[in-house]
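Undergrad: Could you have a look at this structure, given as structure tokens, before my questions?
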Amino acid sequence: MKIIIPKGITPAILTTAILIGWTAAAPSLPVAAAQDPIASAQNASTASKKAVPVTAESVEQFADAYFSRPDVKERLKGALFLVVKDDKVLLNKGYGYADTDAKKPVDPDTTVFRMASISKVFTATAVMQLAEQGKLDLERDISEYMTGITIPNRTGSPLTMKHLLTHTTGYDYTEGSAAANRTSLESYVKENIPTVIRKPGEAYRYDNIAYVQQGYIVQNVAKLPFETYTKEHILKPLGMNRSDFVMSDEIQANLAKGYDPEGKAIPLYENTPYIDPTGGLFSTGGDMAKFMIAMLNDGKLGETRILKEQTARTMKSFQFGVHNDLPVMAYGFESFFNHLHNGEAVIGKGGDLAGAHSWMWMLPEHKVGALVIVNGEAIDPRIELFAAFMQQFYPDQRAAAPPQLQRAQEQQTPLTRFEGTYRNLRNPQAISRITANQDGTLTVKDQMGTHQLQKLEALLFQDEEGMKAGFKEDSRGEISYFYYNAPDSFFEKLPTPAPYSDVPEHHPYASSIYLLKQLGKISDDNPSKFGPEETLTRAEFVQMLVQIGGFPLSKEPVRFADTAGHPLAPEIQTAVEHIGVEGVQDGRFEPDRAITRQEAASLAWKFAQAFRPDLPQEAKLSGEQPSPWAREAVQFVAAAKLFGPEVSMGADGTVDYKPTRPMLRQEAAALLAPLAVPSGS
């Protein structure tokens, strides 16, 4: 899902935060009235398994009940809710306003919404059209289709279209950098060339760059601009006449305004690149209904066919997952929220842009699909609606499964093989720590809290809320990946770090130092020694902050005159762009001067303001007082206890931080390690 990111927030961090929030246990639905069918469905889900028939009347009653709730109406700006079944539109209805100032209501047939990453399904459809025509081979290395571009590949394994379609490229980064207005698709692809660092097909990591590249490949192979190809071969044939990948004057005139969390209108913005295969489609409810019916009808709408029957079925079939019972990707479609599927086969696609949040889901076996989209940030009804929809219309009909006897080999396999620290491939700040328990369960600690996993099969577990978790083995049979409650990426199991000769296990800073080493947040010029009592330069501290944030290194010229040509100049400029790091004076940064404790605190405070607002921010200081410009930062560090035994605390809770003293490497580890791991992990 593609998001417009406020300054200072990386796409990886913000996207993951949103998606992780989606995959919490099914939310409870506030009861607005005794006759609220959504709340009734939620409350009755365990008491009754009788499904409500999917009819025009029942789905409209369902939607009206939700959008008329006072708590929803208070926060909602505008919304569209669409349900199709058996080649018919059961509901295509707008709620609220497309423009609140003008009191312009959402019209499901004329109001245009940003479809955001639902656009990826259209891009995948274009790829599959060319594949069925023999112009693309999904199993062939994409280098044959990337005219004028070479993708560095360190693995020796081919990178194919199938990997692009399923977000399994193995790229070192999967989000493109910011671009100038109206950047072309070709220019954007050439400016954002990732490197394959993980064997393609090995692990899942949500990949916007992969879908930009697919659009580029489509226009190379079809010899038509991407936007022209999709219009001529998908939109026009389906009669989607109010849809486009181009922000034309007509699109702008009918585009729903987006609103921020405070309810203020978000200024109109263009897509990046301007023609964006990952999230650039503009469409209406009426048009999306046509596409959904065609996909549910195996590529056909009326007498018009956009895909061969078998191609459409292949596109909707699961292609990749961590386990057979925990699929992740079809071609363009996803399989998120598995614990809410009630045993049904469900594919979907969601999208996020500033002021536009969408979720489309389909039950191919029932030829039923639904779409909800809102144009504001104050409320996100997507998972609430999906959970209630499934509970009301497709409640779980499965009988409780009897306990299964595990094979003797599985019984003897120790759960300790799953223990360790796991890091999210897309958001390196998301950490899961897993420990084995005597009762045969696993405990997972992550940013969502603490969870208990019960074993279902050798590599498949389930938590107390019914959410499944899967593990993947490498070629040696060792556990390599974990997939659970962060739907946009696998977590990789991190190796136990090799010890430093000067940091024994009982060292007072050992836990912080080895955590950073395990997370790859320390550049080991000398891998056998850490130098815990050595001072740290300003450039070296900034390097550690950049590594903790997982930011791609900037390609822009460094801002400070005295850092040009410095080995860490890219890291310093990256910190300027992502953290707001400033120099000292006269355009200098003084990269090789030992950093003081208050300077380090100030830089850590800038980082925390953007990425760790959960930490406490006020404390009482004793002893030497910091400079006025650093006082707030030192208070933050003291309040969050981002220090080791070098700092003394008084009986009254005051902290003597010693702000002007040079910071040592071991002290920097104690300061930064908590910033590298979200609370609860």
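Chains: A, B, ... in order of the structure tokens. Residues: from 1 per chain. Ligands: from 1, in order shown.
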Check the DSSP output for the backbone and give back, as JSON, numbers by chain, the residues of range 355-495 of chain A in alpha helix (DSSP H).
TA: {"A": [382, 383, 384, 385, 386, 387, 388, 389, 390, 391, 392, 393, 408, 409, 410, 411, 412]}
Undergrad: Write to file, as a PDB file, in the first residue's frame, the residues of the selection just made, with N, CA and C atoms.
TA:
```
ATOM      1  N   ARG A 382     -12.181   0.119   7.820  1.00  0.00           N
ATOM      2  CA  ARG A 382     -11.996  -1.022   6.920  1.00  0.00           C
ATOM      3  C   ARG A 382     -12.049  -2.377   7.619  1.00  0.00           C
ATOM      4  N   ILE A 383     -11.276  -2.550   8.665  1.00  0.00           N
ATOM      5  CA  ILE A 383     -11.248  -3.851   9.300  1.00  0.00           C
ATOM      6  C   ILE A 383     -12.509  -4.088  10.098  1.00  0.00           C
ATOM      7  N   GLU A 384     -13.048  -3.056  10.685  1.00  0.00           N
ATOM      8  CA  GLU A 384     -14.302  -3.179  11.411  1.00  0.00           C
ATOM      9  C   GLU A 384     -15.405  -3.674  10.480  1.00  0.00           C
ATOM     10  N   LEU A 385     -15.488  -3.081   9.302  1.00  0.00           N
ATOM     11  CA  LEU A 385     -16.517  -3.480   8.338  1.00  0.00           C
ATOM     12  C   LEU A 385     -16.268  -4.891   7.806  1.00  0.00           C
ATOM     13  N   PHE A 386     -15.027  -5.190   7.482  1.00  0.00           N
ATOM     14  CA  PHE A 386     -14.722  -6.513   6.951  1.00  0.00           C
ATOM     15  C   PHE A 386     -15.031  -7.598   7.980  1.00  0.00           C
ATOM     16  N   ALA A 387     -14.603  -7.380   9.224  1.00  0.00           N
ATOM     17  CA  ALA A 387     -14.865  -8.373  10.272  1.00  0.00           C
ATOM     18  C   ALA A 387     -16.353  -8.594  10.446  1.00  0.00           C
ATOM     19  N   ALA A 388     -17.113  -7.507  10.506  1.00  0.00           N
ATOM     20  CA  ALA A 388     -18.561  -7.625  10.696  1.00  0.00           C
ATOM     21  C   ALA A 388     -19.231  -8.236   9.473  1.00  0.00           C
ATOM     22  N   PHE A 389     -18.762  -7.882   8.280  1.00  0.00           N
ATOM     23  CA  PHE A 389     -19.309  -8.456   7.046  1.00  0.00           C
ATOM     24  C   PHE A 389     -19.169  -9.976   7.054  1.00  0.00           C
ATOM     25  N   MET A 390     -17.980 -10.449   7.404  1.00  0.00           N
ATOM     26  CA  MET A 390     -17.753 -11.888   7.426  1.00  0.00           C
ATOM     27  C   MET A 390     -18.581 -12.557   8.515  1.00  0.00           C
ATOM     28  N   GLN A 391     -18.703 -11.918   9.660  1.00  0.00           N
ATOM     29  CA  GLN A 391     -19.473 -12.507  10.763  1.00  0.00           C
ATOM     30  C   GLN A 391     -20.958 -12.584  10.447  1.00  0.00           C
ATOM     31  N   GLN A 392     -21.455 -11.587   9.715  1.00  0.00           N
ATOM     32  CA  GLN A 392     -22.889 -11.571   9.423  1.00  0.00           C
ATOM     33  C   GLN A 392     -23.247 -12.456   8.242  1.00  0.00           C
ATOM     34  N   PHE A 393     -22.457 -12.362   7.157  1.00  0.00           N
ATOM     35  CA  PHE A 393     -22.832 -13.048   5.928  1.00  0.00           C
ATOM     36  C   PHE A 393     -22.112 -14.381   5.721  1.00  0.00           C
ATOM     37  N   ALA A 408       5.471 -38.474  16.069  1.00  0.00           N
ATOM     38  CA  ALA A 408       6.521 -38.633  17.078  1.00  0.00           C
ATOM     39  C   ALA A 408       7.701 -37.713  16.797  1.00  0.00           C
ATOM     40  N   GLN A 409       8.041 -37.567  15.519  1.00  0.00           N
ATOM     41  CA  GLN A 409       9.175 -36.711  15.161  1.00  0.00           C
ATOM     42  C   GLN A 409       8.904 -35.265  15.564  1.00  0.00           C
ATOM     43  N   GLU A 410       7.645 -34.785  15.333  1.00  0.00           N
ATOM     44  CA  GLU A 410       7.301 -33.422  15.701  1.00  0.00           C
ATOM     45  C   GLU A 410       7.301 -33.243  17.207  1.00  0.00           C
ATOM     46  N   GLN A 411       6.852 -34.279  17.932  1.00  0.00           N
ATOM     47  CA  GLN A 411       6.831 -34.182  19.386  1.00  0.00           C
ATOM     48  C   GLN A 411       8.229 -34.029  19.944  1.00  0.00           C
ATOM     49  N   GLN A 412       9.197 -34.639  19.284  1.00  0.00           N
ATOM     50  CA  GLN A 412      10.564 -34.605  19.783  1.00  0.00           C
ATOM     51  C   GLN A 412      11.301 -33.340  19.356  1.00  0.00           C
TER      52      GLN A 412
END
```
Undergrad: Residues at most 12 Å from Thr272 in chain A, counting only C-alpha atoms, excluding those fewer than 2 positions away in the same chain, as a PyMOL selection string?
TA: chain A and resi 2-5+116+175-189+208-209+212+245-247+269-270+274-281+353
Undergrad: Using C-alpha atoms, can you export the residues from the last selection as an mmCIF file, in the first residue's frame?
TA:
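Listed below is the output, again.cif:
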```
data_model
loop_
_atom_site.group_PDB
_atom_site.id
_atom_site.type_symbol
_atom_site.label_atom_id
_atom_site.label_comp_id
_atom_site.auth_asym_id
_atom_site.auth_seq_id
_atom_site.Cartn_x
_atom_site.Cartn_y
_atom_site.Cartn_z
ATOM 1 C CA LYS A 2 1.433 3.288 -0.944
ATOM 2 C CA ILE A 3 1.297 6.296 1.350
ATOM 3 C CA ILE A 4 2.165 9.959 1.014
ATOM 4 C CA ILE A 5 4.554 10.418 3.902
ATOM 5 C CA ALA A 116 -4.214 3.964 -3.892
ATOM 6 C CA GLU A 175 10.161 2.158 -1.490
ATOM 7 C CA GLY A 176 11.272 4.757 -4.013
ATOM 8 C CA SER A 177 12.636 8.132 -2.995
ATOM 9 C CA ALA A 178 10.784 11.403 -3.334
ATOM 10 C CA ALA A 179 10.710 12.842 -6.831
ATOM 11 C CA ALA A 180 10.039 16.137 -8.536
ATOM 12 C CA ASN A 181 6.539 16.901 -9.766
ATOM 13 C CA ARG A 182 5.466 15.086 -12.925
ATOM 14 C CA THR A 183 8.384 12.673 -12.833
ATOM 15 C CA SER A 184 7.877 10.164 -15.623
ATOM 16 C CA LEU A 185 7.533 6.469 -14.966
ATOM 17 C CA GLU A 186 10.734 5.740 -16.858
ATOM 18 C CA SER A 187 12.728 8.396 -14.980
ATOM 19 C CA TYR A 188 11.413 7.190 -11.635
ATOM 20 C CA VAL A 189 12.401 3.594 -12.360
ATOM 21 C CA ASN A 208 6.121 -0.734 -4.244
ATOM 22 C CA ILE A 209 9.209 -0.615 -6.445
ATOM 23 C CA VAL A 212 6.518 0.507 -10.550
ATOM 24 C CA PHE A 245 -4.200 6.750 -14.251
ATOM 25 C CA VAL A 246 -3.898 10.373 -15.425
ATOM 26 C CA MET A 247 -5.026 13.242 -13.198
ATOM 27 C CA TYR A 269 -1.182 16.488 -4.709
ATOM 28 C CA GLU A 270 0.073 14.544 -7.701
ATOM 29 C CA TYR A 274 3.089 11.068 -12.127
ATOM 30 C CA ILE A 275 1.786 7.897 -13.799
ATOM 31 C CA ASP A 276 1.966 5.483 -10.896
ATOM 32 C CA PRO A 277 1.292 1.751 -11.428
ATOM 33 C CA THR A 278 1.494 1.162 -7.666
ATOM 34 C CA GLY A 279 -1.164 3.585 -6.475
ATOM 35 C CA GLY A 280 -2.180 6.052 -9.172
ATOM 36 C CA LEU A 281 -5.604 4.894 -10.302
ATOM 37 C CA LEU A 353 -2.653 7.597 0.435
#
```
Undergrad: Within range 305-486 of chain A, find each residue whose DSSP state, derived from the backbone, is strand (DSSP E or B), and express the selection as a PyMOL selection string.
TA: chain A and resi 305+320-323+326-329+334+347-353+356-363+368-374+376+420-424+431-436+441-446+449-457+460-463+468-473+479-483
Undergrad: Please identify all polymer residues within 12 Å of Pro557 in chain A, counting only C-alpha atoms, omitting same-chain residues fewer than 2 positions from it, and present them as a list in words.
TA: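 That gives Leu553, Ser554, Lys555, Arg559, Phe560, Ala561, Thr563, Ala564, Gly565, His566, Ala569, Pro570, Glu571, Ile572, Gln573, Thr574, Val576 and Glu577 of chain A.
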Undergrad: Go ahead and write the selection's residues with N, CA and C atoms as a compact mmCIF listing (two decimals), in the first residue's frame.
TA:
```
# COMPACT_ATOMS: atom_id res chain seq x y z
N LEU A 553 20.41 5.49 2.15
CA LEU A 553 21.37 6.58 2.16
C LEU A 553 21.06 7.59 1.06
N SER A 554 21.18 8.85 1.43
CA SER A 554 20.90 9.94 0.50
C SER A 554 21.93 9.98 -0.62
N LYS A 555 21.45 10.38 -1.79
CA LYS A 555 22.34 10.58 -2.94
C LYS A 555 22.57 12.07 -3.20
N ARG A 559 25.17 18.79 2.98
CA ARG A 559 24.86 20.19 3.20
C ARG A 559 26.02 20.96 3.81
N PHE A 560 26.86 20.30 4.60
CA PHE A 560 27.88 21.02 5.37
C PHE A 560 29.22 21.05 4.64
N ALA A 561 29.84 22.22 4.66
CA ALA A 561 31.07 22.42 3.90
C ALA A 561 32.20 21.51 4.36
N THR A 563 32.08 18.51 5.50
CA THR A 563 31.84 17.07 5.39
C THR A 563 31.95 16.56 3.97
N ALA A 564 32.18 17.46 3.01
CA ALA A 564 32.35 17.03 1.62
C ALA A 564 33.54 16.09 1.52
N GLY A 565 33.34 14.93 0.94
CA GLY A 565 34.40 13.95 0.81
C GLY A 565 34.61 13.10 2.05
N HIS A 566 33.87 13.37 3.11
CA HIS A 566 34.01 12.57 4.33
C HIS A 566 33.43 11.18 4.10
N ALA A 569 29.78 11.07 4.81
CA ALA A 569 28.97 12.18 4.27
C ALA A 569 27.56 11.73 3.88
N PRO A 570 27.39 10.57 3.23
CA PRO A 570 26.01 10.15 2.89
C PRO A 570 25.14 9.95 4.13
N GLU A 571 25.74 9.40 5.20
CA GLU A 571 24.98 9.20 6.43
C GLU A 571 24.58 10.53 7.05
N ILE A 572 25.49 11.50 7.01
CA ILE A 572 25.20 12.81 7.59
C ILE A 572 24.08 13.49 6.82
N GLN A 573 24.13 13.45 5.49
CA GLN A 573 23.08 14.07 4.68
C GLN A 573 21.75 13.34 4.86
N THR A 574 21.80 12.03 5.01
CA THR A 574 20.58 11.26 5.27
C THR A 574 19.94 11.70 6.58
N VAL A 576 20.21 14.62 7.91
CA VAL A 576 19.64 15.94 7.66
C VAL A 576 18.23 15.81 7.10
N GLU A 577 18.08 14.92 6.13
CA GLU A 577 16.80 14.79 5.42
C GLU A 577 15.73 14.08 6.24
```
Undergrad: Do a neighbour search on Arg305 in chain A at 12 Å with only C-alpha atoms, toss out local chain neighbours closer than 4 positions, and write the hits as a ChimeraX atom specification.
TA: /A:129,233-239,290-291,293-295,297-301,309,311-312
Undergrad: For a quick check of understanding, using only C-alpha atoms, which of A:Ile379, A:Gly550, A:Leu545, A:Pro364 has the smallest distance to Val72 in chain A?
TA: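 Ranked by minimum distance to Val72 in chain A, first place goes to A:Ile379.
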Undergrad: Pick from A:Tyr481, A:Trp361, A:Thr160, A:Val581: nearest to Asp137 in chain A, with only C-alpha atoms counted?
TA: A:Thr160
Undergrad: Find the spatial neighbours of Lys223 in chain A, counting only C-alpha atoms, within a cut-off of 12 Å - ignore same-chain residues fewer than 4 positions away - and output them as a PDB file with N, CA and C atoms, in the first residue's frame.
TA:
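And here is the file that came out, around-v2.pdb:
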```pdb
ATOM      1  N   LEU A 130      -0.555  -9.600 -20.970  1.00  0.00           N
ATOM      2  CA  LEU A 130       0.602  -9.761 -21.852  1.00  0.00           C
ATOM      3  C   LEU A 130       1.198 -11.154 -21.730  1.00  0.00           C
ATOM      4  N   LYS A 135       3.692 -12.553 -24.691  1.00  0.00           N
ATOM      5  CA  LYS A 135       4.644 -11.440 -24.784  1.00  0.00           C
ATOM      6  C   LYS A 135       5.483 -11.298 -23.522  1.00  0.00           C
ATOM      7  N   TYR A 145      13.150  -7.558 -20.085  1.00  0.00           N
ATOM      8  CA  TYR A 145      12.067  -6.598 -20.304  1.00  0.00           C
ATOM      9  C   TYR A 145      12.383  -5.196 -19.770  1.00  0.00           C
ATOM     10  N   THR A 147      14.262  -2.533 -20.472  1.00  0.00           N
ATOM     11  CA  THR A 147      15.051  -1.841 -21.495  1.00  0.00           C
ATOM     12  C   THR A 147      15.891  -0.722 -20.894  1.00  0.00           C
ATOM     13  N   GLY A 215       4.855  -1.732 -14.215  1.00  0.00           N
ATOM     14  CA  GLY A 215       4.285  -0.751 -15.134  1.00  0.00           C
ATOM     15  C   GLY A 215       5.252  -0.378 -16.231  1.00  0.00           C
ATOM     16  N   TYR A 216       6.524  -0.238 -15.871  1.00  0.00           N
ATOM     17  CA  TYR A 216       7.560   0.073 -16.857  1.00  0.00           C
ATOM     18  C   TYR A 216       7.701  -1.067 -17.870  1.00  0.00           C
ATOM     19  N   ILE A 217       7.643  -2.292 -17.380  1.00  0.00           N
ATOM     20  CA  ILE A 217       7.752  -3.456 -18.257  1.00  0.00           C
ATOM     21  C   ILE A 217       6.549  -3.546 -19.187  1.00  0.00           C
ATOM     22  N   VAL A 218       5.367  -3.263 -18.667  1.00  0.00           N
ATOM     23  CA  VAL A 218       4.162  -3.279 -19.499  1.00  0.00           C
ATOM     24  C   VAL A 218       4.312  -2.326 -20.673  1.00  0.00           C
ATOM     25  N   GLN A 219       4.769  -1.105 -20.404  1.00  0.00           N
ATOM     26  CA  GLN A 219       4.874  -0.156 -21.514  1.00  0.00           C
ATOM     27  C   GLN A 219       6.029  -0.501 -22.444  1.00  0.00           C
ATOM     28  N   GLU A 227      -0.271   4.239 -19.044  1.00  0.00           N
ATOM     29  CA  GLU A 227      -1.619   4.762 -18.863  1.00  0.00           C
ATOM     30  C   GLU A 227      -2.484   4.534 -20.114  1.00  0.00           C
ATOM     31  N   THR A 228      -1.847   4.552 -21.279  1.00  0.00           N
ATOM     32  CA  THR A 228      -2.583   4.291 -22.516  1.00  0.00           C
ATOM     33  C   THR A 228      -2.955   2.813 -22.612  1.00  0.00           C
ATOM     34  N   TYR A 229      -2.000   1.958 -22.266  1.00  0.00           N
ATOM     35  CA  TYR A 229      -2.277   0.524 -22.337  1.00  0.00           C
ATOM     36  C   TYR A 229      -3.436   0.146 -21.412  1.00  0.00           C
TER      37      TYR A 229
END
```
Undergrad: Which residues are close to Met115 in chain A, i.e. within 12 Å by only C-alpha atoms, leaving aside same-chain residues fewer than 6 positions away? Reply as a ChimeraX atom specification.
TA: /A:1-3,80,121-122,243-245,255-256,271,276-285,287-288,349-360,371-375
Undergrad: Using only C-alpha atoms, which of the listed residues (A:Pro108, A:Glu492, A:Gly449, A:Gly477) sits closest to Arg198 in chain A?
TA: A:Glu492
Undergrad: Can you tell me, as a tab-separated table (two decimals) with N, CA and C atoms, in the first residue's frame, what residues are no more than 12 Å from range 624-634 of chain A when counting only C-alpha atoms, ignoring any on the same chain fewer than 6 positions away?
TA:
```tsv
chain	number	residue	atom	x	y	z
A	584	VAL	N	26.76	23.10	13.34
A	584	VAL	CA	27.12	23.91	14.51
A	584	VAL	C	27.07	25.39	14.18
A	596	THR	N	29.55	15.34	22.46
A	596	THR	CA	29.24	15.44	23.89
A	596	THR	C	27.94	14.71	24.18
A	597	ARG	N	27.72	14.46	25.44
A	597	ARG	CA	26.51	13.72	25.83
A	597	ARG	C	25.24	14.53	25.52
A	598	GLN	N	25.31	15.85	25.69
A	598	GLN	CA	24.12	16.63	25.40
A	598	GLN	C	23.89	16.75	23.89
A	599	GLU	N	24.97	16.76	23.10
A	599	GLU	CA	24.79	16.74	21.65
A	599	GLU	C	24.15	15.43	21.19
A	600	ALA	N	24.62	14.33	21.76
A	600	ALA	CA	24.04	13.03	21.42
A	600	ALA	C	22.58	12.96	21.84
A	601	ALA	N	22.28	13.51	23.02
A	601	ALA	CA	20.90	13.53	23.48
A	601	ALA	C	20.02	14.35	22.54
A	602	SER	N	20.55	15.47	22.04
A	602	SER	CA	19.78	16.32	21.14
A	602	SER	C	19.45	15.58	19.84
A	603	LEU	N	20.42	14.85	19.29
A	603	LEU	CA	20.17	14.10	18.06
A	603	LEU	C	19.19	12.95	18.32
A	604	ALA	N	19.34	12.27	19.44
A	604	ALA	CA	18.42	11.19	19.77
A	604	ALA	C	17.00	11.72	19.97
A	605	TRP	N	16.89	12.92	20.52
A	605	TRP	CA	15.58	13.55	20.75
A	605	TRP	C	14.91	13.87	19.42
A	606	LYS	N	15.68	14.36	18.45
A	606	LYS	CA	15.11	14.62	17.13
A	606	LYS	C	14.56	13.33	16.52
A	607	PHE	N	15.31	12.26	16.66
A	607	PHE	CA	14.87	10.96	16.13
A	607	PHE	C	13.60	10.51	16.83
A	608	ALA	N	13.58	10.60	18.15
A	608	ALA	CA	12.45	10.10	18.93
A	608	ALA	C	11.18	10.89	18.67
A	609	GLN	N	11.30	12.19	18.41
A	609	GLN	CA	10.11	13.00	18.16
A	609	GLN	C	9.34	12.48	16.94
A	616	PRO	N	8.62	8.56	27.50
A	616	PRO	CA	8.41	9.74	28.37
A	616	PRO	C	9.38	10.85	28.03
A	617	GLN	N	9.01	12.09	28.40
A	617	GLN	CA	9.78	13.23	27.90
A	617	GLN	C	10.18	14.25	28.95
A	618	GLU	N	9.89	14.05	30.19
A	618	GLU	CA	10.24	15.04	31.20
A	618	GLU	C	10.89	14.36	32.40
A	640	ALA	N	13.31	8.90	29.85
A	640	ALA	CA	13.18	7.59	29.21
A	640	ALA	C	14.24	6.61	29.69
A	641	LYS	N	15.15	7.07	30.54
A	641	LYS	CA	16.23	6.24	31.09
A	641	LYS	C	17.06	5.59	29.98
A	642	LEU	N	17.43	6.44	29.02
A	642	LEU	CA	18.27	5.98	27.92
A	642	LEU	C	19.74	6.15	28.30
A	643	PHE	N	20.14	5.45	29.32
A	643	PHE	CA	21.52	5.57	29.80
A	643	PHE	C	21.90	4.30	30.55
A	654	THR	N	15.93	12.53	40.77
A	654	THR	CA	16.68	13.43	39.90
A	654	THR	C	17.81	12.69	39.20
A	655	VAL	N	18.20	13.20	38.03
A	655	VAL	CA	19.19	12.53	37.20
A	655	VAL	C	20.37	13.46	36.96
A	656	ASP	N	21.58	12.97	37.26
A	656	ASP	CA	22.81	13.70	36.98
A	656	ASP	C	23.37	13.16	35.68
A	657	TYR	N	23.11	13.87	34.56
A	657	TYR	CA	23.41	13.34	33.23
A	657	TYR	C	24.83	13.64	32.75
A	658	LYS	N	25.51	14.58	33.38
A	658	LYS	CA	26.87	14.97	32.95
A	658	LYS	C	26.87	15.37	31.48
A	659	PRO	N	26.12	16.40	31.13
A	659	PRO	CA	25.83	16.71	29.72
A	659	PRO	C	27.01	17.13	28.87
A	660	THR	N	28.02	17.77	29.43
A	660	THR	CA	29.11	18.29	28.59
A	660	THR	C	30.27	17.33	28.45
A	661	ARG	N	30.21	16.19	29.12
A	661	ARG	CA	31.27	15.20	29.02
A	661	ARG	C	31.20	14.48	27.68
A	671	LEU	N	22.19	4.48	25.08
A	671	LEU	CA	21.27	5.52	24.64
A	671	LEU	C	20.43	5.06	23.45
```
Undergrad: Can you work out which one of A:Ala289, A:Leu76, A:Val127, A:Leu460 has the shortest atom-to-atom distance to Pro327 in chain A, counting only C-alpha atoms?
TA: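 Using only C-alpha atoms, the shortest distance to Pro327 in chain A belongs to A:Leu460.
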Undergrad: Have a look at A:Thr421, A:Asn92, A:Thr168, A:Ser501 and name the one nearest to Tyr211 in chain A; count only C-alpha atoms.
TA: A:Thr168
Undergrad: What separation in Å, quoted to one decimal, exists between CA of Ile513 in chain A and CA of Gly653 in chain A?
TA: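 Answer for the CA of Ile513 in chain A to CA of Gly653 in chain A separation: 26.0 Å.
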Undergrad: At what distance in Å, to one decimal, does CA of Tyr206 in chain A lie from CA of Pro674 in chain A?
TA: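 Result for CA of Pro674 in chain A versus CA of Tyr206 in chain A: 26.0 Å, one decimal.
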